Each structure stands twice: as structure tokens, then as C-alpha cells.
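Novice: The structure under discussion is supplied below as C-alpha cells; questions concerning it will follow.
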Amino acid sequence: MTRNITCVTCPMGCSVTVEISDSGEIISVSGNTCKRGEEYAKNEITHPQRSLATTLRVEGGIYNVVPCKSAGPLPKEKIFECMEAVNSTCVNAPVKLGDVLVKNICGTGVDIVATNHCPRKG
Ligand code: SF4
């Protein structure tokens, strides 16, 4: 079986083909322009990861939400669980850029951090 994957590691967006055996072993990787593409494609097959960028509710701030992101990639299969955890979280203002809003989200070892400020209201 083969899988075609678009490498998103850089803007070139190479189309990478991964050949996989019936037992799930990676036989070959082709189409990548550099080594990073091979690693990306292998990770997509074995343990795909995604970054999370969203907003989180703020109490007592000049805004109701603050933008945030995962400080590192999260396991793809945990993205919805992490999203629900963020949606059910509310922090108190003030929030500073870089503040950890959710530590070790869903046991992934990755923190959710603020990507902007939210000063206190009044
Ligand atoms: S294979 Fe290399 S050059 Fe191609 S998109 Fe991935 S990182 Fe960029």
C-alpha cells in the first residue's frame, strides 16, 4: 500500500510517497526533497502530530477571550480532547503573552500558552 503525504515542514510542500507493507512497516519514502520530509512522512504514518491554535475564555479582562496555542505539537488523536479541555477552561485577567494557561494539557506534556495579552478590565 502507498500513502501520499504533503510535507508541510516548509513552504515547498513536497508530495511525499510512503510505501507501507501489509504489516504496517515503512518500506520506502520518495518524493521528498530533503531529509526533513522523510522524517515528517514517517511521523505522519507512525505518530501524527498537530499544533493547536485557538482562543481561551478570560474572566474580568478587556476581552472575553485570549488567543493561545500549544507550546509544541500534540498527538493528532488527542486534538479534539485537547480542544474540549481548552473550551472548558476559563482564566482570570490579566493574561500576559507567554503565560501558561493550561499546563500539561490532557497529559500530553505540552502546555497551552497565551499568544497575546489580555489586560484586566477597569
Ligand atoms: S521535503 Fe524538505 S523541501 Fe520538501 S516540503 Fe518537506 S521540508 Fe520542505
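In the C-alpha cells, the first chain shown is A, the next is B, and so on; residue numbers restart at 1 for each chain, and ligands run from 1 in the order shown.
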When DSSP works through the backbone of this structure, what residues of range 74-112 of chain A end up as helix (DSSP H, G or I), shown as a PDB file with N, CA and C atoms, in the first residue's frame?
Specialist:
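Wrote it out as result-v6.pdb, contents follow:
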```
ATOM      1  N   LYS A  76      -2.078  13.693  17.206  1.00  0.00           N
ATOM      2  CA  LYS A  76      -3.266  14.010  16.404  1.00  0.00           C
ATOM      3  C   LYS A  76      -4.536  13.435  17.027  1.00  0.00           C
ATOM      4  N   GLU A  77      -4.439  12.220  17.590  1.00  0.00           N
ATOM      5  CA  GLU A  77      -5.637  11.584  18.128  1.00  0.00           C
ATOM      6  C   GLU A  77      -6.139  12.271  19.402  1.00  0.00           C
ATOM      7  N   LYS A  78      -5.339  13.191  19.965  1.00  0.00           N
ATOM      8  CA  LYS A  78      -5.750  13.886  21.190  1.00  0.00           C
ATOM      9  C   LYS A  78      -6.229  15.309  20.910  1.00  0.00           C
ATOM     10  N   ILE A  79      -6.234  15.730  19.660  1.00  0.00           N
ATOM     11  CA  ILE A  79      -6.557  17.128  19.335  1.00  0.00           C
ATOM     12  C   ILE A  79      -7.962  17.504  19.814  1.00  0.00           C
ATOM     13  N   PHE A  80      -8.958  16.662  19.561  1.00  0.00           N
ATOM     14  CA  PHE A  80     -10.332  17.027  19.953  1.00  0.00           C
ATOM     15  C   PHE A  80     -10.468  17.056  21.471  1.00  0.00           C
ATOM     16  N   GLU A  81      -9.834  16.111  22.139  1.00  0.00           N
ATOM     17  CA  GLU A  81      -9.856  16.089  23.607  1.00  0.00           C
ATOM     18  C   GLU A  81      -9.203  17.373  24.156  1.00  0.00           C
ATOM     19  N   CYS A  82      -8.088  17.768  23.561  1.00  0.00           N
ATOM     20  CA  CYS A  82      -7.397  18.981  23.998  1.00  0.00           C
ATOM     21  C   CYS A  82      -8.255  20.213  23.726  1.00  0.00           C
ATOM     22  N   MET A  83      -8.920  20.217  22.578  1.00  0.00           N
ATOM     23  CA  MET A  83      -9.797  21.340  22.215  1.00  0.00           C
ATOM     24  C   MET A  83     -10.922  21.476  23.239  1.00  0.00           C
ATOM     25  N   GLU A  84     -11.503  20.351  23.638  1.00  0.00           N
ATOM     26  CA  GLU A  84     -12.577  20.382  24.640  1.00  0.00           C
ATOM     27  C   GLU A  84     -12.053  20.892  25.973  1.00  0.00           C
ATOM     28  N   ALA A  85     -10.836  20.482  26.326  1.00  0.00           N
ATOM     29  CA  ALA A  85     -10.238  20.945  27.590  1.00  0.00           C
ATOM     30  C   ALA A  85     -10.026  22.455  27.559  1.00  0.00           C
ATOM     31  N   VAL A  86      -9.568  22.970  26.421  1.00  0.00           N
ATOM     32  CA  VAL A  86      -9.379  24.425  26.294  1.00  0.00           C
ATOM     33  C   VAL A  86     -10.735  25.123  26.374  1.00  0.00           C
ATOM     34  N   ASN A  87     -11.733  24.573  25.681  1.00  0.00           N
ATOM     35  CA  ASN A  87     -13.057  25.199  25.663  1.00  0.00           C
ATOM     36  C   ASN A  87     -13.709  25.227  27.045  1.00  0.00           C
ATOM     37  N   ILE A 105      -1.574  19.747  29.024  1.00  0.00           N
ATOM     38  CA  ILE A 105      -2.965  19.506  28.584  1.00  0.00           C
ATOM     39  C   ILE A 105      -3.204  18.025  28.264  1.00  0.00           C
ATOM     40  N   CYS A 106      -4.227  17.472  28.868  1.00  0.00           N
ATOM     41  CA  CYS A 106      -4.659  16.083  28.670  1.00  0.00           C
ATOM     42  C   CYS A 106      -3.506  15.082  28.831  1.00  0.00           C
ATOM     43  N   GLY A 107      -2.566  15.415  29.698  1.00  0.00           N
ATOM     44  CA  GLY A 107      -1.465  14.503  29.981  1.00  0.00           C
ATOM     45  C   GLY A 107      -0.476  14.340  28.845  1.00  0.00           C
TER      46      GLY A 107
END
```
Novice: Set the cut-off to 7 Å, count only C-alpha atoms and all ligand atoms, and list whatever residues fall near ligand 1 as a tab-separated table (two decimals) with N, CA and C atoms, in the first residue's frame.
Specialist:
```
chain	number	residue	atom	x	y	z
A	7	CYS	N	4.25	17.24	2.54
A	7	CYS	CA	5.12	17.69	3.62
A	7	CYS	C	4.84	19.17	3.87
A	8	VAL	N	4.52	19.51	5.11
A	8	VAL	CA	4.21	20.91	5.45
A	8	VAL	C	5.31	21.53	6.31
A	9	THR	N	6.47	20.88	6.27
A	9	THR	CA	7.57	21.39	7.09
A	9	THR	C	8.10	22.72	6.59
A	10	CYS	N	8.03	22.93	5.25
A	10	CYS	CA	8.45	24.23	4.71
A	10	CYS	C	7.50	24.57	3.56
A	11	PRO	N	7.56	25.82	3.06
A	11	PRO	CA	6.57	26.25	2.05
A	11	PRO	C	6.63	25.50	0.72
A	12	MET	N	7.66	24.72	0.46
A	12	MET	CA	7.73	23.99	-0.82
A	12	MET	C	6.62	22.97	-0.95
A	13	GLY	N	6.19	22.41	0.17
A	13	GLY	CA	5.05	21.48	0.16
A	13	GLY	C	5.24	20.27	-0.75
A	14	CYS	N	6.36	19.60	-0.63
A	14	CYS	CA	6.65	18.44	-1.49
A	14	CYS	C	5.61	17.33	-1.28
A	32	ASN	N	10.41	13.28	-1.44
A	32	ASN	CA	10.87	14.35	-0.56
A	32	ASN	C	12.14	14.97	-1.13
A	33	THR	N	12.25	16.29	-0.95
A	33	THR	CA	13.43	16.99	-1.46
A	33	THR	C	14.57	16.97	-0.45
A	34	CYS	N	14.22	16.81	0.83
A	34	CYS	CA	15.27	16.80	1.85
A	34	CYS	C	14.92	15.80	2.95
A	35	LYS	N	15.86	15.61	3.86
A	35	LYS	CA	15.74	14.62	4.94
A	35	LYS	C	14.55	14.93	5.85
A	36	ARG	N	14.26	16.23	6.05
A	36	ARG	CA	13.16	16.60	6.95
A	36	ARG	C	11.83	16.06	6.43
A	37	GLY	N	11.70	16.01	5.11
A	37	GLY	CA	10.49	15.48	4.51
A	37	GLY	C	10.31	13.99	4.79
A	38	GLU	N	11.42	13.27	4.79
A	38	GLU	CA	11.36	11.84	5.11
A	38	GLU	C	10.90	11.66	6.55
```
Novice: Given the choices A:Ile27, A:Cys90, A:Ile112, A:Ile20, which gets closest to Thr54 in chain A if the distance is worked out from only C-alpha atoms?
Specialist: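 Counting only C-alpha atoms, the residue closest to Thr54 in chain A is A:Ile112.
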Novice: Have a look at A:Ser70, A:Ser23, A:Thr46, A:Ser51 and name the one nearest to Val110 in chain A; count only C-alpha atoms.
Specialist: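 Smallest distance to Val110 in chain A is found for A:Ser70.
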Novice: Can you tell me how far CA of His47 in chain A sits from CA of Met1 in chain A, in Å to one decimal?
Specialist: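 These atoms are spaced 17.9 Å apart.
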Novice: Using DSSP on the backbone coordinates, identify the residues of chain A assigned to strand (DSSP E); present them as a ChimeraX atom specification.
Specialist: /A:2-6,15-20,26-30,49-50,53-59,65-70,74-75,90-92,100-102,112-114
